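Engineer: Structure supplied as upload-v6.csv; contents: CSV, C-alpha atoms.
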chain,number,residue,atom,x,y,z
A,1,MET,CA,17.6,-17.7,55.2
A,2,ALA,CA,21.2,-17.8,56.2
A,3,THR,CA,23.3,-19.7,58.7
A,4,TYR,CA,25.0,-17.9,61.6
A,5,GLN,CA,27.4,-19.2,64.2
A,6,LEU,CA,26.8,-17.3,67.4
A,7,ASN,CA,28.8,-17.2,70.5
A,8,VAL,CA,26.1,-17.3,73.3
A,9,ASN,CA,27.2,-17.6,76.9
A,10,GLY,CA,30.5,-19.0,75.9
A,11,GLN,CA,29.0,-21.7,73.6
A,12,SER,CA,28.9,-21.8,69.9
A,13,LYS,CA,25.4,-22.0,68.6
A,14,LYS,CA,24.4,-22.5,64.9
A,15,VAL,CA,21.1,-21.0,63.7
A,16,ASP,CA,19.5,-20.9,60.3
A,17,VAL,CA,17.3,-17.8,60.2
A,18,ASP,CA,16.4,-14.8,58.1
A,19,PRO,CA,19.3,-12.2,58.3
A,20,GLY,CA,16.8,-9.5,59.5
A,21,THR,CA,15.6,-11.5,62.4
A,22,PRO,CA,16.2,-9.6,65.7
A,23,LEU,CA,18.6,-11.3,68.0
A,24,LEU,CA,15.9,-11.5,70.7
A,25,TRP,CA,13.8,-13.8,68.5
A,26,VAL,CA,16.8,-16.0,67.7
A,27,LEU,CA,17.5,-16.4,71.4
A,28,ARG,CA,13.9,-17.1,72.4
A,29,GLU,CA,12.6,-19.0,69.4
A,30,ASP,CA,15.5,-20.7,67.9
A,31,LEU,CA,17.8,-21.3,71.0
A,32,LYS,CA,14.9,-21.6,73.4
A,33,MET,CA,16.6,-19.2,75.9
A,34,THR,CA,13.5,-17.5,77.2
A,35,GLY,CA,15.1,-15.6,80.1
A,36,THR,CA,15.4,-12.5,77.9
A,37,LYS,CA,12.0,-10.9,77.5
A,38,TYR,CA,10.1,-9.3,74.8
A,39,GLY,CA,8.6,-6.0,76.0
A,40,CYS,CA,8.0,-3.3,73.4
A,41,GLY,CA,10.0,-4.6,70.3
A,42,ILE,CA,11.3,-1.1,69.6
A,43,SER,CA,14.1,-0.8,72.2
A,44,ALA,CA,12.0,1.5,74.3
A,45,CYS,CA,11.7,-0.6,77.5
A,46,GLY,CA,14.9,-2.5,78.1
A,47,ALA,CA,13.3,-5.9,78.8
A,48,CYS,CA,15.3,-7.5,76.0
A,49,THR,CA,18.7,-6.3,77.2
A,50,VAL,CA,21.6,-8.7,76.7
A,51,HIS,CA,25.3,-8.0,76.6
A,52,VAL,CA,27.1,-8.0,73.2
A,53,ASP,CA,30.9,-7.9,73.9
A,54,GLY,CA,30.0,-6.5,77.3
A,55,ILE,CA,27.8,-3.7,76.0
A,56,ALA,CA,24.2,-3.6,77.2
A,57,THR,CA,22.3,-4.1,73.9
A,58,ARG,CA,18.6,-4.1,73.1
A,59,SER,CA,18.3,-7.4,71.4
A,60,CYS,CA,14.9,-6.7,70.0
A,61,VAL,CA,16.3,-4.2,67.4
A,62,VAL,CA,19.6,-5.7,66.5
A,63,PRO,CA,19.3,-8.1,63.5
A,64,VAL,CA,21.2,-11.3,63.9
A,65,SER,CA,23.2,-10.6,60.7
A,66,LEU,CA,24.9,-7.7,62.5
A,67,ILE,CA,26.2,-9.7,65.5
A,68,GLY,CA,29.2,-11.3,63.8
A,69,ASN,CA,31.8,-12.8,66.1
A,70,ARG,CA,30.8,-10.8,69.1
A,71,LYS,CA,30.2,-12.5,72.4
A,72,ILE,CA,26.6,-12.6,73.6
A,73,THR,CA,25.8,-12.9,77.3
A,74,THR,CA,22.2,-13.4,78.5
A,75,ILE,CA,20.6,-13.5,81.8
A,76,GLU,CA,21.0,-17.3,81.9
A,77,ALA,CA,24.7,-16.9,82.3
A,78,ILE,CA,25.1,-13.6,84.1
A,79,ALA,CA,25.6,-15.4,87.5
A,80,GLN,CA,28.8,-16.9,86.1
A,81,ASP,CA,30.2,-13.3,86.0
A,82,PRO,CA,31.5,-12.0,89.4
A,83,VAL,CA,29.7,-8.7,89.1
A,84,GLY,CA,26.6,-10.5,87.8
A,85,ARG,CA,26.6,-12.8,90.8
A,86,VAL,CA,26.8,-9.9,93.2
A,87,VAL,CA,24.0,-8.1,91.4
A,88,GLN,CA,21.7,-11.2,91.5
A,89,ASP,CA,22.4,-11.7,95.2
A,90,ALA,CA,21.6,-8.0,95.9
A,91,TRP,CA,18.3,-8.4,93.9
A,92,VAL,CA,17.4,-11.3,96.2
A,93,GLU,CA,18.5,-9.6,99.3
A,94,LYS,CA,16.5,-6.5,98.5
A,95,ASP,CA,13.5,-8.5,97.2
A,96,VAL,CA,13.5,-6.3,94.2
A,97,VAL,CA,11.2,-8.4,92.0
A,98,GLN,CA,7.5,-8.0,91.8
A,99,CYS,CA,6.0,-9.5,88.7
A,100,GLY,CA,9.5,-10.0,87.4
A,101,TYR,CA,8.9,-9.6,83.7
A,102,CYS,CA,11.4,-6.7,83.3
A,103,GLN,CA,13.9,-7.9,85.8
A,104,SER,CA,16.3,-9.8,83.5
A,105,GLY,CA,16.7,-6.6,81.5
A,106,GLN,CA,17.1,-4.6,84.7
A,107,ILE,CA,19.8,-6.9,86.0
A,108,MET,CA,21.7,-6.9,82.7
A,109,SER,CA,21.7,-3.1,82.7
A,110,ALA,CA,22.7,-3.0,86.3
A,111,VAL,CA,25.6,-5.3,85.6
A,112,ALA,CA,26.8,-3.1,82.7
A,113,LEU,CA,26.5,0.0,84.9
A,114,LEU,CA,28.5,-1.5,87.8
A,115,LYS,CA,31.2,-2.9,85.5
A,116,ALA,CA,31.8,0.6,84.2
A,117,THR,CA,31.1,2.5,87.4
A,118,PRO,CA,31.5,0.3,90.5
A,119,LYS,CA,30.5,3.2,92.8
A,120,PRO,CA,27.7,4.9,91.0
A,121,THR,CA,26.0,8.1,92.2
A,122,ASP,CA,22.2,8.4,92.2
A,123,GLN,CA,22.6,10.3,88.9
A,124,ASN,CA,24.7,7.5,87.4
A,125,ILE,CA,22.0,5.1,88.3
A,126,GLU,CA,19.1,7.3,87.1
A,127,GLU,CA,20.8,7.9,83.7
A,128,SER,CA,22.0,4.3,83.1
A,129,MET,CA,18.8,2.6,84.3
A,130,GLY,CA,16.5,5.3,82.8
A,131,GLY,CA,15.9,3.2,79.7
A,132,ASN,CA,14.6,0.2,81.6
A,133,LEU,CA,10.9,0.4,82.4
A,134,CYS,CA,9.1,-1.4,85.2
A,135,ARG,CA,5.4,-1.5,85.3
A,136,CYS,CA,5.4,-2.6,88.9
A,137,ALA,CA,7.5,0.5,89.7
A,138,THR,CA,10.2,-1.4,91.5
A,139,TYR,CA,12.6,1.5,90.8
A,140,VAL,CA,13.3,2.3,94.5
A,141,ARG,CA,14.3,-1.3,95.3
A,142,ILE,CA,16.3,-1.5,92.1
A,143,ARG,CA,18.3,1.5,93.2
A,144,GLU,CA,18.8,0.0,96.7
A,145,ALA,CA,20.0,-3.3,95.2
A,146,ILE,CA,22.5,-1.5,92.9
A,147,LYS,CA,23.9,0.4,95.8
A,148,SER,CA,24.0,-2.7,97.9
A,149,ALA,CA,25.8,-4.6,95.1
A,150,SER,CA,28.3,-1.7,94.7
A,151,GLN,CA,29.3,-2.1,98.3
A,152,GLN,CA,30.5,-5.6,97.5
A,153,LEU,CA,32.6,-4.5,94.5
B,1,MET,CA,79.4,70.2,20.4
B,2,LEU,CA,78.2,67.2,18.3
B,3,SER,CA,79.2,64.7,21.0
B,4,ASN,CA,77.3,66.8,23.6
B,5,SER,CA,74.1,66.7,21.5
B,6,ARG,CA,74.5,62.9,21.1
B,7,PHE,CA,74.9,62.5,24.8
B,8,PHE,CA,71.9,64.6,25.5
B,9,ILE,CA,69.7,62.7,23.1
B,10,ARG,CA,70.8,59.3,24.4
B,11,THR,CA,70.1,60.4,28.0
B,12,LEU,CA,66.7,61.7,27.0
B,13,LEU,CA,65.8,58.5,25.2
B,14,ILE,CA,66.9,56.3,28.2
B,15,GLY,CA,64.9,58.6,30.5
B,16,LEU,CA,61.8,58.4,28.3
B,17,GLY,CA,62.1,54.6,28.1
B,18,PHE,CA,62.5,54.2,31.8
B,19,THR,CA,59.4,56.5,32.4
B,20,ALA,CA,57.4,54.5,29.9
B,21,THR,CA,58.3,51.2,31.6
B,22,LEU,CA,57.4,52.6,35.0
B,23,ILE,CA,54.0,53.9,33.7
B,24,VAL,CA,53.2,50.5,32.1
B,25,MET,CA,54.3,48.6,35.3
B,26,THR,CA,52.3,50.9,37.6
B,27,SER,CA,49.2,50.7,35.4
B,28,SER,CA,49.3,46.9,35.2
B,29,ALA,CA,49.7,46.6,39.0
B,30,ALA,CA,46.8,48.9,39.5
B,31,ILE,CA,44.6,46.9,37.0
B,32,GLU,CA,45.6,43.7,38.7
B,33,GLY,CA,44.7,45.2,42.1
B,34,ILE,CA,41.3,46.3,40.9
B,35,HIS,CA,40.8,42.9,39.2
B,36,HIS,CA,41.7,41.1,42.5
B,37,LYS,CA,39.4,43.3,44.5
B,38,LEU,CA,36.5,42.5,42.1
B,39,ASN,CA,37.3,38.8,42.3
B,40,SER,CA,37.4,38.9,46.1
B,41,GLY,CA,34.1,40.6,46.2
B,42,ALA,CA,32.6,38.1,43.9
B,43,ASN,CA,34.1,35.2,45.8
B,44,ARG,CA,32.6,36.5,49.1
B,45,VAL,CA,29.2,36.9,47.6
B,46,ASP,CA,29.4,33.4,46.0
B,47,GLY,CA,30.9,32.0,49.2
B,48,LEU,CA,28.1,33.4,51.4
B,49,ALA,CA,25.5,32.0,48.9
B,50,ALA,CA,27.2,28.6,49.1
B,51,TRP,CA,27.3,28.8,52.9
B,52,GLU,CA,23.5,29.2,52.9
B,53,GLN,CA,23.2,26.0,50.9
B,54,VAL,CA,25.6,24.2,53.4
B,55,TYR,CA,23.5,25.6,56.3
B,56,SER,CA,20.3,24.3,54.8
B,57,VAL,CA,21.8,20.8,55.1
B,58,LEU,CA,23.3,21.3,58.5
B,59,ILE,CA,19.9,22.2,60.0
B,60,SER,CA,18.1,19.3,58.3
B,61,PRO,CA,17.0,16.6,60.8
B,62,ARG,CA,19.5,14.0,59.6
B,63,CYS,CA,22.3,16.3,60.7
B,64,ILE,CA,21.0,18.6,63.4
B,65,ASN,CA,19.3,15.9,65.5
B,66,CYS,CA,22.8,14.9,66.8
B,67,HIS,CA,24.0,18.5,67.2
B,68,THR,CA,21.9,19.4,70.2
B,69,ALA,CA,22.6,21.9,73.0
B,70,THR,CA,21.0,19.6,75.6
B,71,ASN,CA,21.7,16.4,77.4
B,72,TYR,CA,19.9,14.3,74.8
B,73,PRO,CA,19.8,13.6,71.0
B,74,GLN,CA,16.7,14.0,68.9
B,75,GLN,CA,15.0,11.8,66.4
B,76,GLY,CA,12.6,12.0,63.6
B,77,ASP,CA,11.7,14.8,61.1
B,78,ASP,CA,9.9,16.6,63.9
B,79,ARG,CA,13.1,16.5,65.9
B,80,HIS,CA,11.5,15.1,69.1
B,81,ARG,CA,13.6,14.1,72.1
B,82,HIS,CA,15.1,10.6,71.7
B,83,PHE,CA,12.9,8.0,73.4
B,84,ALA,CA,14.0,5.6,76.2
B,85,ASN,CA,15.5,8.5,78.2
B,86,VAL,CA,18.7,8.3,76.2
B,87,VAL,CA,21.3,10.9,77.5
B,88,ARG,CA,24.5,12.4,76.1
B,89,GLY,CA,26.9,10.8,78.5
B,90,GLY,CA,30.4,12.3,78.8
B,91,HIS,CA,32.3,14.5,76.4
B,92,GLU,CA,32.4,11.8,73.8
B,93,GLY,CA,28.6,11.9,73.5
B,94,LYS,CA,28.2,8.1,73.3
B,95,GLY,CA,25.7,7.6,76.1
B,96,VAL,CA,26.1,6.1,79.6
B,97,PRO,CA,27.2,2.6,80.7
B,98,ALA,CA,23.9,0.7,80.4
B,99,LEU,CA,22.5,3.0,77.8
B,100,LYS,CA,25.1,3.5,75.1
B,101,CYS,CA,24.3,4.6,71.6
B,102,VAL,CA,25.8,1.4,70.2
B,103,GLY,CA,23.5,-0.7,72.4
B,104,CYS,CA,21.0,-0.1,69.5
B,105,HIS,CA,22.8,1.7,66.7
B,106,GLN,CA,25.1,-0.7,64.9
B,107,GLU,CA,27.7,0.0,62.3
B,108,VAL,CA,25.1,0.0,59.5
B,109,ASN,CA,21.4,0.7,59.3
B,110,ALA,CA,19.2,-2.1,60.6
B,111,ASP,CA,16.4,-1.9,58.1
B,112,SER,CA,14.5,-4.9,59.3
B,113,THR,CA,14.0,-3.2,62.7
B,114,GLY,CA,14.1,0.4,61.6
B,115,VAL,CA,17.1,1.5,63.7
B,116,PRO,CA,19.6,3.7,61.9
B,117,GLY,CA,23.3,2.9,62.2
B,118,GLY,CA,26.7,4.0,61.1
B,119,PRO,CA,30.3,3.8,62.3
B,120,ASN,CA,31.0,5.4,65.7
B,121,TRP,CA,27.5,6.5,66.3
B,122,HIS,CA,27.5,9.4,68.8
B,123,LEU,CA,26.3,12.9,69.6
B,124,ALA,CA,28.4,15.9,68.4
B,125,PRO,CA,30.2,17.7,71.3
B,126,LEU,CA,28.4,20.7,72.9
B,127,SER,CA,31.0,22.9,71.2
B,128,MET,CA,29.4,21.9,67.9
B,129,LYS,CA,25.8,22.6,69.0
B,130,TRP,CA,23.7,24.0,66.2
B,131,GLN,CA,20.6,24.5,68.4
B,132,ASP,CA,19.7,26.5,71.5
B,133,THR,CA,18.6,24.8,74.7
B,134,ASN,CA,15.0,25.1,73.5
B,135,ASP,CA,15.9,22.9,70.5
B,136,ARG,CA,15.6,25.8,68.0
B,137,PRO,CA,18.2,25.8,65.3
B,138,LEU,CA,20.8,28.6,65.7
B,139,SER,CA,21.0,31.3,63.0
B,140,SER,CA,23.1,30.8,59.9
B,141,ALA,CA,25.7,33.3,61.3
B,142,ALA,CA,25.9,31.5,64.6
B,143,VAL,CA,26.3,28.0,63.0
B,144,CYS,CA,28.9,29.4,60.6
B,145,ARG,CA,30.9,30.8,63.5
B,146,ALA,CA,30.7,27.5,65.3
B,147,VAL,CA,31.8,25.5,62.2
B,148,THR,CA,34.7,27.8,61.4
B,149,ASP,CA,36.0,28.3,65.0
B,150,ARG,CA,39.1,26.1,65.2
B,151,SER,CA,39.0,26.2,69.0
B,152,ARG,CA,35.6,24.4,68.8
B,153,ASN,CA,35.7,22.4,65.6
B,154,HIS,CA,38.6,20.0,66.3
B,155,ASN,CA,41.0,22.5,64.7
B,156,MET,CA,39.7,22.0,61.2
B,157,ASP,CA,40.7,24.6,58.6
B,158,GLY,CA,38.7,25.1,55.4
B,159,ARG,CA,40.4,22.2,53.6
B,160,ALA,CA,39.7,19.9,56.6
B,161,LEU,CA,36.1,21.0,56.7
B,162,LEU,CA,35.7,20.2,53.0
B,163,ARG,CA,37.2,16.8,53.6
B,164,HIS,CA,35.0,16.2,56.6
B,165,ASN,CA,31.9,17.0,54.6
B,166,GLU,CA,33.1,14.9,51.7
B,167,GLU,CA,34.3,11.8,53.5
B,168,ASP,CA,33.2,11.5,57.1
B,169,LYS,CA,31.2,8.4,57.5
B,170,LEU,CA,28.5,9.9,59.8
B,171,VAL,CA,28.1,12.8,57.4
B,172,LEU,CA,27.7,10.3,54.5
B,173,TRP,CA,25.1,8.5,56.6
B,174,GLY,CA,22.9,11.6,56.2
B,175,TRP,CA,22.3,10.5,52.5
B,176,ASN,CA,21.9,6.9,53.4
B,177,PRO,CA,19.7,7.1,56.5
B,178,GLY,CA,17.9,3.8,56.0
B,179,ARG,CA,14.3,2.9,56.8
B,180,ARG,CA,12.0,3.9,59.6
B,181,PRO,CA,10.4,1.2,61.8
B,182,ASP,CA,7.3,1.4,59.5
B,183,GLY,CA,9.5,0.5,56.5
B,184,THR,CA,9.4,3.9,54.8
B,185,MET,CA,12.6,5.6,53.9
B,186,ARG,CA,13.9,8.4,56.1
B,187,THR,CA,13.9,11.8,54.5
B,188,LEU,CA,17.1,13.1,53.0
B,189,PRO,CA,18.8,16.5,53.4
B,190,PRO,CA,17.6,19.2,50.9
B,191,LEU,CA,20.7,18.9,48.7
B,192,THR,CA,22.4,15.8,47.2
B,193,HIS,CA,25.7,14.9,48.8
B,194,ALA,CA,27.5,16.1,45.6
B,195,GLU,CA,25.7,19.4,45.7
B,196,PHE,CA,26.6,19.7,49.4
B,197,VAL,CA,30.2,19.1,48.7
B,198,ASN,CA,30.3,21.5,45.8
B,199,ALA,CA,28.7,24.2,48.0
B,200,THR,CA,31.2,23.5,50.7
B,201,ARG,CA,34.0,23.8,48.2
B,202,THR,CA,32.8,27.1,46.9
B,203,TRP,CA,32.4,28.4,50.4
B,204,VAL,CA,35.9,27.2,51.4
B,205,GLU,CA,37.5,28.6,48.2
B,206,ALA,CA,36.0,31.9,49.1
B,207,GLY,CA,37.7,31.8,52.5
B,208,THR,CA,34.8,30.4,54.6
B,209,PRO,CA,33.0,33.7,54.9
B,210,CYS,CA,30.2,33.9,57.5
B,211,PRO,CA,27.1,36.1,57.4
B,212,ARG,CA,27.1,39.1,59.8
B,213,GLY,CA,24.8,39.2,62.7
B,214,ARG,CA,23.9,37.0,65.6
Could you write out this structure as structure tokens?

Structural biologist:
Amino acid sequence: MATYQLNVNGQSKKVDVDPGTPLLWVLREDLKMTGTKYGCGISACGACTVHVDGIATRSCVVPVSLIGNRKITTIEAIAQDPVGRVVQDAWVEKDVVQCGYCQSGQIMSAVALLKATPKPTDQNIEESMGGNLCRCATYVRIREAIKSASQQL
Amino acid sequence: MLSNSRFFIRTLLIGLGFTATLIVMTSSAAIEGIHHKLNSGANRVDGLAAWEQVYSVLISPRCINCHTATNYPQQGDDRHRHFANVVRGGHEGKGVPALKCVGCHQEVNADSTGVPGGPNWHLAPLSMKWQDTNDRPLSSAAVCRAVTDRSRNHNMDGRALLRHNEEDKLVLWGWNPGRRPDGTMRTLPPLTHAEFVNATRTWVEAGTPCPRGR
């Protein structure tokens, strides 16, 4: 076990965990922030996506020991970000969500995309969002919501 | 009469000495030339043999998986397409905004989760592709041409290539590739890193010769 001081959503959080513990489990089990979801556990589905220093990161495969001082942003705080707010509003407007399980990861990826590319093409959306799976196949509405959000940026 | 004879003998001796010196100099230059020629021939043969050793490493999965000719990296010893629809991204080969290499691949291997990592994780540029678009490794001659073409290799001469193979952190990662998700160690290239560097040095000292052919 080791002690880590993490910067999560602008707050300093102290955790005492095994160094190899994936960040996802620290967020969900130790910090009780369950908005970030466990999907596949091998970074193949994107449900666990958070931002680490602004980079969309698969928290299920990144050990907490490798986070260091970098800033972690989770779905719980994304609405405090101007782009995050616009994306969440677009998600509501387009009624994107069906079962909702993958959607926190989808939103985190969409925010990362729009921050880097405010006016994405269809190809930009396909490539950036291609790693986020949705069993309800809400892909069409996800694309509509991203385009809608991009018009606000 | 006597002085004339002396003059004649002196001139003759000087002439003979000069001729002898000329003969010795010419012969030694010729011998040196032959020796040099033999050496160059041996170096090229040695260099080509060393290149084949270097090539055996370059086409091993730990190296060639990120030297693709396509829009995606590969993974595993079977060199399958990288999962999660990962794509190359721009010229830098670091992925796309929401799907960057570093979103999973950290600065070091993550052995607890089985994700490999190293500094500046990225795909090699298309100019450094060592495969065709059907994911088949290019021939030894074609890879050698790519590696030695300074318009494609970031302007590296032989010495820079040696330094790259000796010190580059992603090259070094090939010999410290970490554990797979199932906990087993990833396979290593066919040579040790020291053998790889020695082979590169021999090849570079021979003038980076490339095999003929396609």

Engineer: Take atom CA of B:Gly95 and atom CA of A:Asn132 and report the distance between them in Å, one decimal.

Structural biologist: 14.4 Å

Engineer: Dump as a PyMOL selection string the residues of chain A that approach chain B to within 9 Å, counting all atoms listed in the file.

Structural biologist: chain A and resi 19-22+41-46+49+51-52+55-63+66+108-117+124+127-133

Engineer: Between A:Ile78, A:Leu27, A:Val15, A:Asn69, which is the closest to A:Ala2 once you count only C-alpha atoms?

Structural biologist: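 Once distances to A:Ala2 are computed over only C-alpha atoms, the minimum belongs to A:Val15.
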
Engineer: Of the candidates B:Asn153, B:Asn120, B:Thr187, B:Gln75, which one gets nearest to B:Glu92 if we count all atoms listed in the file?

Structural biologist: B:Asn120

Engineer: What's around stretch 165-176 of chain B at 12 Å? Count only C-alpha atoms, leave out sequence neighbours fewer than 6 positions away in its own chain, and write the answer as JSON, numbers by chain.

Structural biologist: {"B": [54, 57, 58, 59, 60, 61, 62, 63, 64, 65, 66, 107, 108, 109, 110, 111, 116, 117, 118, 119, 120, 121, 122, 123, 124, 147, 156, 158, 159, 185, 186, 187, 188, 189, 190, 191, 192, 193, 194, 195, 196, 197, 198, 199, 200, 201, 204]}

Engineer: So the first atom is atom CA of A:Ala90 and the second is atom CA of A:Ala149; what is the distance between them in Å, to one decimal place?

Structural biologist: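 Result for atom CA of A:Ala90 versus atom CA of A:Ala149: 5.5 Å, one decimal.
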